[in-house]
file final-v3.tsv (TSV, C-alpha atoms)
chain	number	residue	atom	x	y	z
Y	1	MET	CA	52.63	107.15	43.87
Y	2	LEU	CA	49.92	104.60	44.47
Y	3	ARG	CA	48.71	104.90	40.88
Y	4	ARG	CA	52.24	104.45	39.54
Y	5	ARG	CA	52.79	101.29	41.62
Y	6	PHE	CA	49.53	99.87	40.25
Y	7	VAL	CA	50.62	100.49	36.64
Y	8	ILE	CA	54.03	98.90	37.23
Y	9	SER	CA	52.50	95.88	38.96
Y	10	SER	CA	49.97	95.43	36.16
Y	11	SER	CA	52.70	95.65	33.53
Y	12	LEU	CA	54.81	93.02	35.29
Y	13	ALA	CA	51.80	90.72	35.53
Y	14	ALA	CA	51.14	91.15	31.81
Y	15	LEU	CA	54.75	90.28	31.01
Y	16	ALA	CA	54.68	87.25	33.26
Y	17	SER	CA	51.40	85.85	31.92
Y	18	PRO	CA	52.82	84.31	28.70
Y	19	ALA	CA	55.37	82.35	30.75
Y	20	VAL	CA	52.68	81.17	33.11
Y	21	HIS	CA	50.52	80.16	30.17
Y	22	ALA	CA	53.41	78.31	28.51
Y	23	GLN	CA	53.88	76.21	31.64
Y	24	ALA	CA	50.21	75.25	31.88
Y	25	PRO	CA	49.75	71.55	32.69
Y	26	TRP	CA	49.31	69.19	29.74
Y	27	PRO	CA	46.72	68.46	28.42
Y	28	ALA	CA	44.98	71.82	28.35
Y	29	LYS	CA	42.70	70.99	25.41
Y	30	PRO	CA	41.29	67.93	23.57
Y	31	VAL	CA	43.68	65.49	21.90
Y	32	ARG	CA	43.22	64.28	18.31
Y	33	LEU	CA	43.78	60.56	17.69
Y	34	ILE	CA	44.29	59.85	13.99
Y	35	VAL	CA	43.40	56.39	12.68
Y	36	PRO	CA	44.97	55.91	9.23
Y	37	TYR	CA	42.16	53.63	8.03
Y	38	GLY	CA	38.41	53.87	7.55
Y	39	PRO	CA	35.70	53.48	10.19
Y	40	GLY	CA	34.61	50.05	11.39
Y	41	GLY	CA	37.92	48.21	11.04
Y	42	SER	CA	40.09	46.82	13.82
Y	43	ALA	CA	42.21	49.98	14.17
Y	44	ASP	CA	39.12	52.14	14.52
Y	45	GLN	CA	37.60	49.78	17.09
Y	46	VAL	CA	40.74	49.74	19.24
Y	47	ALA	CA	41.10	53.53	18.97
Y	48	ARG	CA	37.57	54.23	20.17
Y	49	LEU	CA	37.73	51.78	23.07
Y	50	TYR	CA	40.95	53.29	24.38
Y	51	ALA	CA	40.04	56.90	23.62
Y	52	GLU	CA	36.90	56.79	25.73
Y	53	LYS	CA	38.67	55.58	28.88
Y	54	MET	CA	41.96	57.44	28.40
Y	55	SER	CA	39.97	60.68	28.16
Y	56	GLY	CA	38.86	60.15	31.74
Y	57	PHE	CA	42.37	59.50	33.02
Y	58	LEU	CA	43.77	62.54	31.18
Y	59	GLY	CA	40.95	64.92	32.03
Y	60	GLN	CA	40.56	65.92	28.38
Y	61	GLN	CA	38.62	64.36	25.53
Y	62	ILE	CA	40.46	62.25	22.95
Y	63	ILE	CA	38.73	62.73	19.60
Y	64	VAL	CA	39.13	59.88	17.10
Y	65	GLU	CA	39.44	60.87	13.44
Y	66	ASP	CA	39.61	58.33	10.60
Y	67	LYS	CA	41.98	59.40	7.80
Y	68	PRO	CA	42.31	56.49	5.34
Y	69	GLY	CA	44.50	56.41	2.26
Y	70	ALA	CA	47.82	55.14	0.91
Y	71	SER	CA	47.73	52.02	3.12
Y	72	GLY	CA	47.91	54.17	6.23
Y	73	GLY	CA	50.30	56.70	4.74
Y	74	VAL	CA	47.91	59.65	4.70
Y	75	GLY	CA	47.20	59.50	8.42
Y	76	ALA	CA	50.80	58.70	9.34
Y	77	GLN	CA	52.09	61.70	7.41
Y	78	MET	CA	49.49	63.94	9.01
Y	79	VAL	CA	50.73	63.04	12.49
Y	80	ALA	CA	54.43	62.96	11.60
Y	81	SER	CA	54.20	66.55	10.35
Y	82	SER	CA	52.13	67.83	13.29
Y	83	PRO	CA	53.55	69.96	16.12
Y	84	PRO	CA	55.22	67.74	18.76
Y	85	ASP	CA	52.99	68.98	21.56
Y	86	GLY	CA	51.06	65.82	22.42
Y	87	TYR	CA	47.79	67.03	20.92
Y	88	THR	CA	47.95	64.93	17.73
Y	89	LEU	CA	48.51	61.18	18.03
Y	90	LEU	CA	48.48	58.22	15.67
Y	91	LEU	CA	47.01	54.79	16.28
Y	92	ALA	CA	48.82	52.44	13.93
Y	93	PRO	CA	49.34	48.74	13.33
Y	94	THR	CA	52.63	46.99	12.67
Y	95	ALA	CA	52.38	47.65	8.94
Y	96	VAL	CA	52.64	51.44	9.11
Y	97	LEU	CA	55.85	51.46	11.17
Y	98	ALA	CA	57.55	48.13	10.41
Y	99	ILE	CA	56.33	46.60	7.14
Y	100	THR	CA	55.27	49.03	4.43
Y	101	PRO	CA	58.28	51.39	4.77
Y	102	ALA	CA	60.56	48.40	4.22
Y	103	ALA	CA	58.72	47.34	1.08
Y	104	ARG	CA	58.12	50.56	-0.83
Y	105	LYS	CA	58.36	54.33	-0.71
Y	106	VAL	CA	55.89	55.88	1.71
Y	107	PRO	CA	54.79	59.53	2.14
Y	108	TYR	CA	56.16	59.70	5.69
Y	109	ASN	CA	59.35	58.92	7.57
Y	110	PRO	CA	58.85	56.36	10.38
Y	111	ASP	CA	61.69	58.08	12.24
Y	112	ASP	CA	59.48	61.17	12.52
Y	113	LEU	CA	57.18	59.21	14.85
Y	114	VAL	CA	57.97	58.11	18.40
Y	115	THR	CA	56.34	55.40	20.46
Y	116	VAL	CA	53.74	56.18	23.13
Y	117	SER	CA	52.32	52.79	24.09
Y	118	ARG	CA	51.46	49.41	22.66
Y	119	LEU	CA	47.74	48.83	23.17
Y	120	SER	CA	46.74	45.42	21.85
Y	121	THR	CA	47.69	42.43	19.75
Y	122	PRO	CA	45.16	41.13	17.21
Y	123	ILE	CA	43.99	37.54	17.29
Y	124	LEU	CA	44.26	36.30	13.73
Y	125	VAL	CA	40.95	34.83	12.59
Y	126	VAL	CA	41.11	33.08	9.21
Y	127	THR	CA	37.65	33.33	7.70
Y	128	LEU	CA	36.26	31.90	4.47
Y	129	THR	CA	33.26	32.80	2.37
Y	130	ASN	CA	30.29	30.50	2.83
Y	131	ALA	CA	29.99	30.35	-0.95
Y	132	LEU	CA	32.77	27.75	-1.05
Y	133	GLY	CA	30.81	25.29	1.03
Y	134	VAL	CA	33.88	24.12	2.98
Y	135	LYS	CA	33.90	23.79	6.75
Y	136	THR	CA	37.55	23.29	7.72
Y	137	TRP	CA	41.01	24.62	6.86
Y	138	ALA	CA	42.03	21.18	5.53
Y	139	GLU	CA	39.04	21.13	3.17
Y	140	PHE	CA	39.91	24.61	1.90
Y	141	VAL	CA	43.57	23.71	1.31
Y	142	ALA	CA	42.54	20.64	-0.67
Y	143	LEU	CA	40.14	22.72	-2.79
Y	144	ALA	CA	42.71	25.47	-3.34
Y	145	LYS	CA	45.29	22.94	-4.53
Y	146	GLN	CA	42.78	21.76	-7.10
Y	147	ASN	CA	42.30	25.37	-8.27
Y	148	PRO	CA	45.75	27.01	-8.17
Y	149	GLY	CA	45.62	30.79	-8.58
Y	150	LYS	CA	41.82	30.91	-8.85
Y	151	PHE	CA	41.04	31.96	-5.28
Y	152	TRP	CA	41.57	35.39	-3.72
Y	153	PHE	CA	42.35	36.65	-0.26
Y	154	GLY	CA	41.50	40.19	0.80
Y	155	SER	CA	43.48	42.60	2.95
Y	156	SER	CA	43.21	46.13	4.29
Y	157	GLY	CA	45.85	47.29	1.83
Y	158	LEU	CA	49.27	46.62	0.36
Y	159	GLY	CA	51.87	46.02	3.02
Y	160	THR	CA	49.43	45.54	5.88
Y	161	ILE	CA	49.82	42.70	8.34
Y	162	THR	CA	46.80	41.00	6.75
Y	163	HIS	CA	48.49	41.15	3.35
Y	164	LEU	CA	51.75	39.74	4.65
Y	165	THR	CA	49.96	37.10	6.69
Y	166	GLY	CA	48.14	35.99	3.56
Y	167	GLU	CA	51.40	35.58	1.70
Y	168	VAL	CA	53.00	33.61	4.52
Y	169	LEU	CA	49.91	31.52	5.21
Y	170	THR	CA	49.41	30.45	1.60
Y	171	ARG	CA	53.09	29.56	1.23
Y	172	ALA	CA	53.01	27.55	4.46
Y	173	ALA	CA	49.96	25.66	3.19
Y	174	GLY	CA	51.46	25.12	-0.28
Y	175	ILE	CA	48.63	26.86	-2.11
Y	176	GLN	CA	48.53	29.67	-4.67
Y	177	MET	CA	46.12	32.56	-4.19
Y	178	GLN	CA	45.68	36.05	-5.61
Y	179	HIS	CA	45.79	39.13	-3.38
Y	180	SER	CA	42.99	41.72	-3.44
Y	181	PRO	CA	43.88	44.86	-1.43
Y	182	TYR	CA	41.09	47.15	-0.24
Y	183	LYS	CA	41.18	50.73	0.98
Y	184	THR	CA	39.65	49.46	4.21
Y	185	ILE	CA	38.80	45.92	5.22
Y	186	VAL	CA	35.18	46.99	5.62
Y	187	ASP	CA	35.11	47.47	1.83
Y	188	ALA	CA	35.78	43.73	1.43
Y	189	THR	CA	32.73	42.66	3.40
Y	190	GLY	CA	30.28	42.43	0.49
Y	191	ASP	CA	32.79	40.59	-1.70
Y	192	VAL	CA	33.38	37.99	1.02
Y	193	PHE	CA	29.67	37.48	1.60
Y	194	ASP	CA	29.07	37.08	-2.16
Y	195	GLY	CA	32.07	34.83	-2.73
Y	196	ARG	CA	33.97	37.16	-5.06
Y	197	ILE	CA	36.94	36.75	-2.69
Y	198	GLN	CA	37.36	33.61	-0.66
Y	199	MET	CA	39.44	34.45	2.41
Y	200	VAL	CA	40.19	37.29	4.84
Y	201	PHE	CA	42.19	37.49	8.07
Y	202	ASP	CA	41.07	40.67	9.78
Y	203	PRO	CA	39.80	40.24	13.37
Y	204	SER	CA	36.87	42.56	12.62
Y	205	PHE	CA	35.24	39.64	10.76
Y	206	MET	CA	34.85	37.62	13.96
Y	207	PRO	CA	31.30	38.91	14.65
Y	208	TYR	CA	30.31	37.76	11.14
Y	209	ALA	CA	31.76	34.34	11.91
Y	210	LYS	CA	29.75	34.17	15.14
Y	211	ALA	CA	26.64	35.11	13.17
Y	212	GLY	CA	27.31	32.43	10.54
Y	213	LYS	CA	27.83	34.89	7.68
Y	214	VAL	CA	31.38	33.61	7.09
Y	215	ARG	CA	33.21	30.48	8.20
Y	216	ALA	CA	36.03	30.84	10.75
Y	217	VAL	CA	38.49	27.98	10.23
Y	218	ILE	CA	41.55	29.07	12.29
Y	219	VAL	CA	42.28	31.36	15.23
Y	220	ASP	CA	45.94	32.14	15.82
Y	221	GLY	CA	46.31	32.13	19.55
Y	222	PRO	CA	47.54	29.80	22.26
Y	223	VAL	CA	43.99	28.62	23.00
Y	224	ARG	CA	40.62	28.59	21.27
Y	225	LEU	CA	38.39	31.63	21.63
Y	226	ALA	CA	35.37	31.38	23.92
Y	227	ASP	CA	33.27	33.05	21.21
Y	228	LEU	CA	34.45	30.53	18.58
Y	229	PRO	CA	34.85	27.33	20.59
Y	230	ASP	CA	34.65	25.05	17.55
Y	231	THR	CA	37.37	26.89	15.61
Y	232	PRO	CA	40.82	25.27	16.04
Y	233	THR	CA	44.01	27.18	16.75
Y	234	ALA	CA	46.70	27.47	14.09
Y	235	ALA	CA	48.80	24.93	15.99
Y	236	GLU	CA	45.92	22.46	15.99
Y	237	ALA	CA	45.61	22.99	12.24
Y	238	GLY	CA	49.32	22.25	11.79
Y	239	LEU	CA	50.49	25.84	11.19
Y	240	ASP	CA	53.17	27.76	13.11
Y	241	LEU	CA	52.32	31.47	13.07
Y	242	LYS	CA	53.83	32.48	16.42
Y	243	GLY	CA	56.11	35.00	14.76
Y	244	PHE	CA	53.12	36.94	13.52
Y	245	ARG	CA	51.24	36.69	16.77
Y	246	SER	CA	54.01	38.37	18.75
Y	247	ARG	CA	54.81	41.00	16.12
Y	248	SER	CA	51.30	42.05	15.17
Y	249	TRP	CA	50.11	44.98	17.29
Y	250	PHE	CA	48.24	48.25	17.51
Y	251	GLY	CA	49.99	51.12	19.24
Y	252	LEU	CA	50.03	54.84	19.88
Y	253	PHE	CA	52.61	57.15	18.30
Y	254	ALA	CA	53.39	60.86	18.51
Y	255	PRO	CA	55.44	63.29	16.41
Y	256	LYS	CA	59.18	63.18	17.03
Y	257	GLY	CA	60.19	65.77	19.60
Y	258	THR	CA	57.16	65.32	21.83
Y	259	PRO	CA	58.35	66.02	25.41
Y	260	GLU	CA	59.07	62.90	27.44
Y	261	PRO	CA	56.77	63.92	30.32
Y	262	VAL	CA	53.90	64.05	27.83
Y	263	LEU	CA	54.82	60.64	26.41
Y	264	LYS	CA	54.92	59.21	29.93
Y	265	ARG	CA	51.57	60.75	30.84
Y	266	LEU	CA	49.98	59.26	27.73
Y	267	SER	CA	51.67	55.91	28.27
Y	268	ASP	CA	50.50	55.79	31.88
Y	269	ALA	CA	46.92	56.62	30.84
Y	270	ALA	CA	47.05	53.82	28.26
Y	271	GLY	CA	48.31	51.44	30.94
Y	272	GLN	CA	45.54	52.45	33.33
Y	273	THR	CA	43.01	51.86	30.57
Y	274	ALA	CA	44.50	48.46	29.70
Y	275	ALA	CA	44.11	47.39	33.34
Y	276	LEU	CA	40.33	47.87	33.24
Y	277	PRO	CA	38.49	44.50	33.08
Y	278	GLU	CA	35.88	45.95	30.72
Y	279	ILE	CA	38.56	46.89	28.20
Y	280	LYS	CA	39.88	43.33	28.15
Y	281	GLU	CA	36.35	42.03	27.68
Y	282	LYS	CA	35.45	44.47	24.91
Y	283	LEU	CA	38.71	43.91	23.04
Y	284	LEU	CA	38.19	40.15	23.08
Y	285	MET	CA	34.81	40.75	21.44
Y	286	VAL	CA	36.67	42.21	18.44
Y	287	ALA	CA	39.45	39.55	18.52
Y	288	GLN	CA	42.06	41.66	20.30
Y	289	ASN	CA	44.17	40.90	23.36
Y	290	VAL	CA	45.06	43.70	25.77
Y	291	ASP	CA	48.84	44.01	25.53
Y	292	HIS	CA	50.09	47.26	27.06
Y	293	GLN	CA	53.74	48.17	26.75
Y	294	PRO	CA	55.11	51.54	27.98
Y	295	TYR	CA	56.72	53.94	25.54
Y	296	ASP	CA	60.36	53.02	26.24
Y	297	GLN	CA	59.87	49.25	26.02
Y	298	TYR	CA	57.64	49.66	23.00
Y	299	ALA	CA	60.38	51.63	21.21
Y	300	ARG	CA	62.67	48.60	21.45
Y	301	GLN	CA	59.90	46.31	20.20
Y	302	VAL	CA	59.26	48.48	17.14
Y	303	ARG	CA	62.97	48.63	16.23
Y	304	ASP	CA	63.23	44.86	16.51
Y	305	ASP	CA	60.12	44.34	14.38
Y	306	GLN	CA	61.39	46.71	11.71
Y	307	ALA	CA	64.50	44.55	11.30
Y	308	TYR	CA	62.44	41.34	11.40
Y	309	PHE	CA	60.01	42.35	8.67
Y	310	ALA	CA	62.67	43.88	6.44
Y	311	LYS	CA	64.41	40.50	6.45
Y	312	LEU	CA	61.16	38.58	5.98
Y	313	LEU	CA	60.06	40.69	3.01
Y	314	LYS	CA	63.39	40.01	1.35
Y	315	GLU	CA	63.16	36.28	2.02
Y	316	LEU	CA	59.62	36.11	0.59
Y	317	ASP	CA	60.56	38.38	-2.31
Y	318	ILE	CA	57.56	40.63	-1.65
Y	319	ARG	CA	57.69	44.01	-3.35
Y	320	LEU	CA	54.93	46.57	-3.01
Y	321	GLU	CA	55.78	48.90	-5.88

call {"tool": "encode", "arguments": {"input": "final-v3.tsv", "output": "structure tokens"}}
result
Amino acid sequence: MLRRRFVISSSLAALASPAVHAQAPWPAKPVRLIVPYGPGGSADQVARLYAEKMSGFLGQQIIVEDKPGASGGVGAQMVASSPPDGYTLLLAPTAVLAITPAARKVPYNPDDLVTVSRLSTPILVVTLTNALGVKTWAEFVALAKQNPGKFWFGSSGLGTITHLTGEVLTRAAGIQMQHSPYKTIVDATGDVFDGRIQMVFDPSFMPYAKAGKVRAVIVDGPVRLADLPDTPTAAEAGLDLKGFRSRSWFGLFAPKGTPEPVLKRLSDAAGQTAALPEIKEKLLMVAQNVDHQPYDQYARQVRDDQAYFAKLLKELDIRLE
């Protein structure tokens, strides 16, 4: 009788174990964070800063993987088609969710991704090649007007915020420039140094400006940056770019269907990370402002920005075919 009870008890335990396993607390293993661009750019920098600290709050490592291609489309599709279990996330800028899908066909459906948390807002830094020999935005505008269509601005790809900013900025200044998209903004570095392209906007170029390798002529923020005290704000230069400042962001996304408790846990970990003084300090070093927004508020922001950029693309007659 005793032996029979032992067999029955063991069998019941075996049957119950899958249910117990299925209810194991999340996360039970490392989390992949996909960056849809190459290493070294702003998205990669933000991802690695947050991943390190969020890992501690979650109790599991967040592993950053760079998957460039198709202006962010390769990485976005990878995450959109992943199981909605919270173990595969996307770090994406405004372009991937709100700009590029409105301008051309993309290999993913933005509706297959849900918001987790806004992380940061980039500080636009307009930088020029030293090869031009100009020191201010006004000097560059005057030179560009004398050479319509002969200068180039670089971006991290078609439909990115840097591309769209270039289009808006040149129109606002009344100058004509050509657009040179790169697979990653890091690929543009040599061309900027050598003067083959004349202007870039990506915040990752701020260290080069501090080192004197390029000339920073505008920062788009409410005040000047401590690291670039001699560089005027856009407002001081006579430009109004507030619409881009508020709608340019980096955020976390997950596959549609990810359980809400998982989204909240991730969002809370991102918020805890954003509250760390060292994160604010390190983000400022790469021209980013900490700007946490929880998953539900961020969802409303993304929907609003999708409508905003769809309208703006139509007004500017920008097509990315």

call {"tool": "closest_residue", "arguments": {"input": "final-v3.tsv", "among": "Y:Leu128, Y:Ala47, Y:Met177, Y:Leu97", "to": "Y:Val217", "atoms": "only C-alpha atoms"}}
result
Y:Leu128

call {"tool": "residues_around", "arguments": {"input": "final-v3.tsv", "residues": "stretch 269-285 of chain Y", "least_positions_apart": "5", "cutoff": "9 Å", "atoms": "all atoms listed in the file", "output": "VMD selection string"}}
result
chain Y and resid 45 to 46 49 to 51 53 to 58 116 to 120 123 206 to 207 225 227 252 264 290 to 294

call {"tool": "closest_atom_pairs", "arguments": {"input": "final-v3.tsv", "of": "stretch 90-155 of chain Y", "to": "stretch 302-314 of chain Y", "cutoff": "8 Å", "atoms": "only C-alpha atoms", "output": "Markdown table"}}
result
| residue | atom | partner | partner_atom | distance |
| --- | --- | --- | --- | --- |
| Y:Leu97 | CA | Y:Gln306 | CA | 7.3 |
| Y:Ala98 | CA | Y:Gln306 | CA | 4.3 |
| Y:Ile99 | CA | Y:Phe309 | CA | 5.8 |
| Y:Ala102 | CA | Y:Ala310 | CA | 5.5 |
| Y:Ala103 | CA | Y:Leu313 | CA | 7.1 |

call {"tool": "atom_distance", "arguments": {"input": "final-v3.tsv", "atom1": "atom CA of Y:Thr165", "atom2": "atom CA of Y:Leu143"}}
result
19.8 Å

call {"tool": "atom_distance", "arguments": {"input": "final-v3.tsv", "atom1": "atom CA of Y:Ala138", "atom2": "atom CA of Y:Gly159"}}
result
26.8 Å

call {"tool": "closest_residue", "arguments": {"input": "final-v3.tsv", "among": "Y:Pro84, Y:Ile197, Y:Thr170, Y:Gly157", "to": "Y:Tyr182", "atoms": "only C-alpha atoms"}}
result
Y:Gly157

call {"tool": "axis_aligned_box", "arguments": {"input": "final-v3.tsv", "around": "stretch 280-299 of chain Y", "padding_each_side": "5 Å", "output": "AutoDock Vina command-line options"}}
result
--center_x 47.6 --center_y 46.7 --center_z 23.3 --size_x 35.6 --size_y 24.4 --size_z 19.7

call {"tool": "closest_residue", "arguments": {"input": "final-v3.tsv", "among": "Y:Arg319, Y:Arg196, Y:Lys145, Y:Lys150", "to": "Y:Gln178", "atoms": "all atoms listed in the file"}}
result
Y:Lys150

call {"tool": "atom_distance", "arguments": {"input": "final-v3.tsv", "atom1": "atom CA of Y:Val286", "atom2": "atom CA of Y:Met199"}}
result
18.0 Å

call {"tool": "closest_residue", "arguments": {"input": "final-v3.tsv", "among": "Y:Ile62, Y:Ala235, Y:Val114, Y:Leu90", "to": "Y:Ile34", "atoms": "all atoms listed in the file"}}
result
Y:Leu90

call {"tool": "closest_residue", "arguments": {"input": "final-v3.tsv", "among": "Y:Ile161, Y:Leu113, Y:Val96, Y:Val126", "to": "Y:Tyr295", "atoms": "all atoms listed in the file"}}
result
Y:Leu113

call {"tool": "closest_residue", "arguments": {"input": "final-v3.tsv", "among": "Y:Gly238, Y:Pro261, Y:Gly174, Y:Pro30", "to": "Y:Val141", "atoms": "all atoms listed in the file"}}
result
Y:Gly174

call {"tool": "decode", "arguments": {"input": "final-v3.tsv", "residues": "stretch 286-295 of chain Y", "atoms": "all heavy atoms", "output": "mmCIF file, in the first residue's frame"}}
result
data_model
loop_
_atom_site.group_PDB
_atom_site.id
_atom_site.type_symbol
_atom_site.label_atom_id
_atom_site.label_comp_id
_atom_site.auth_asym_id
_atom_site.auth_seq_id
_atom_site.Cartn_x
_atom_site.Cartn_y
_atom_site.Cartn_z
ATOM 1 N N VAL Y 286 26.242 61.739 -24.731
ATOM 2 C CA VAL Y 286 25.995 61.333 -26.118
ATOM 3 C C VAL Y 286 24.785 62.095 -26.681
ATOM 4 O O VAL Y 286 24.096 61.628 -27.572
ATOM 5 C CB VAL Y 286 25.791 59.809 -26.240
ATOM 6 C CG1 VAL Y 286 27.088 59.087 -25.924
ATOM 7 C CG2 VAL Y 286 24.669 59.308 -25.329
ATOM 8 N N ALA Y 287 24.547 63.311 -26.134
ATOM 9 C CA ALA Y 287 23.510 64.224 -26.619
ATOM 10 C C ALA Y 287 22.105 63.634 -26.554
ATOM 11 O O ALA Y 287 21.325 63.727 -27.493
ATOM 12 C CB ALA Y 287 23.830 64.689 -28.044
ATOM 13 N N GLN Y 288 21.802 63.017 -25.399
ATOM 14 C CA GLN Y 288 20.467 62.480 -25.165
ATOM 15 C C GLN Y 288 19.952 62.994 -23.822
ATOM 16 O O GLN Y 288 20.713 63.087 -22.852
ATOM 17 C CB GLN Y 288 20.496 60.944 -25.116
ATOM 18 C CG GLN Y 288 20.974 60.267 -26.376
ATOM 19 C CD GLN Y 288 19.877 60.143 -27.406
ATOM 20 O OE1 GLN Y 288 18.695 60.039 -27.083
ATOM 21 N NE2 GLN Y 288 20.255 60.131 -28.666
ATOM 22 N N ASN Y 289 18.644 63.307 -23.779
ATOM 23 C CA ASN Y 289 17.999 63.641 -22.525
ATOM 24 C C ASN Y 289 17.215 62.438 -22.022
ATOM 25 O O ASN Y 289 16.501 61.795 -22.806
ATOM 26 C CB ASN Y 289 17.027 64.814 -22.695
ATOM 27 C CG ASN Y 289 17.738 66.153 -22.750
ATOM 28 O OD1 ASN Y 289 18.675 66.405 -22.002
ATOM 29 N ND2 ASN Y 289 17.298 67.019 -23.640
ATOM 30 N N VAL Y 290 17.343 62.122 -20.730
ATOM 31 C CA VAL Y 290 16.477 61.102 -20.134
ATOM 32 C C VAL Y 290 15.032 61.578 -20.271
ATOM 33 O O VAL Y 290 14.719 62.719 -19.942
ATOM 34 C CB VAL Y 290 16.825 60.880 -18.649
ATOM 35 C CG1 VAL Y 290 15.770 60.016 -17.980
ATOM 36 C CG2 VAL Y 290 18.186 60.235 -18.514
ATOM 37 N N ASP Y 291 14.166 60.709 -20.744
ATOM 38 C CA ASP Y 291 12.768 61.116 -20.954
ATOM 39 C C ASP Y 291 11.870 59.887 -20.855
ATOM 40 O O ASP Y 291 11.267 59.454 -21.834
ATOM 41 C CB ASP Y 291 12.611 61.795 -22.313
ATOM 42 C CG ASP Y 291 11.377 62.680 -22.376
ATOM 43 O OD1 ASP Y 291 10.573 62.652 -21.428
ATOM 44 O OD2 ASP Y 291 11.220 63.406 -23.376
ATOM 45 N N HIS Y 292 11.776 59.320 -19.648
ATOM 46 C CA HIS Y 292 10.985 58.109 -19.466
ATOM 47 C C HIS Y 292 9.496 58.394 -19.570
ATOM 48 O O HIS Y 292 9.000 59.422 -19.107
ATOM 49 C CB HIS Y 292 11.272 57.485 -18.097
ATOM 50 C CG HIS Y 292 10.377 56.329 -17.781
ATOM 51 N ND1 HIS Y 292 9.335 56.408 -16.868
ATOM 52 C CD2 HIS Y 292 10.345 55.067 -18.276
ATOM 53 C CE1 HIS Y 292 8.715 55.238 -16.811
ATOM 54 N NE2 HIS Y 292 9.310 54.416 -17.653
ATOM 55 N N GLN Y 293 8.808 57.459 -20.213
ATOM 56 C CA GLN Y 293 7.351 57.501 -20.301
ATOM 57 C C GLN Y 293 6.863 56.066 -20.192
ATOM 58 O O GLN Y 293 7.321 55.198 -20.937
ATOM 59 C CB GLN Y 293 6.925 58.120 -21.641
ATOM 60 C CG GLN Y 293 5.527 58.697 -21.650
ATOM 61 C CD GLN Y 293 5.247 59.424 -22.963
ATOM 62 O OE1 GLN Y 293 5.595 58.949 -24.050
ATOM 63 N NE2 GLN Y 293 4.644 60.583 -22.873
ATOM 64 N N PRO Y 294 5.946 55.741 -19.269
ATOM 65 C CA PRO Y 294 5.483 54.360 -19.120
ATOM 66 C C PRO Y 294 4.714 53.881 -20.334
ATOM 67 O O PRO Y 294 4.278 54.678 -21.176
ATOM 68 C CB PRO Y 294 4.595 54.414 -17.873
ATOM 69 C CG PRO Y 294 4.207 55.841 -17.738
ATOM 70 C CD PRO Y 294 5.340 56.644 -18.294
ATOM 71 N N TYR Y 295 4.525 52.574 -20.425
ATOM 72 C CA TYR Y 295 4.032 51.951 -21.651
ATOM 73 C C TYR Y 295 2.678 52.477 -22.108
ATOM 74 O O TYR Y 295 2.442 52.637 -23.316
ATOM 75 C CB TYR Y 295 3.979 50.434 -21.486
ATOM 76 C CG TYR Y 295 2.933 49.915 -20.526
ATOM 77 C CD1 TYR Y 295 1.728 49.417 -20.987
ATOM 78 C CD2 TYR Y 295 3.156 49.914 -19.153
ATOM 79 C CE1 TYR Y 295 0.763 48.939 -20.110
ATOM 80 C CE2 TYR Y 295 2.213 49.433 -18.270
ATOM 81 C CZ TYR Y 295 1.018 48.954 -18.753
ATOM 82 O OH TYR Y 295 0.062 48.490 -17.886
#
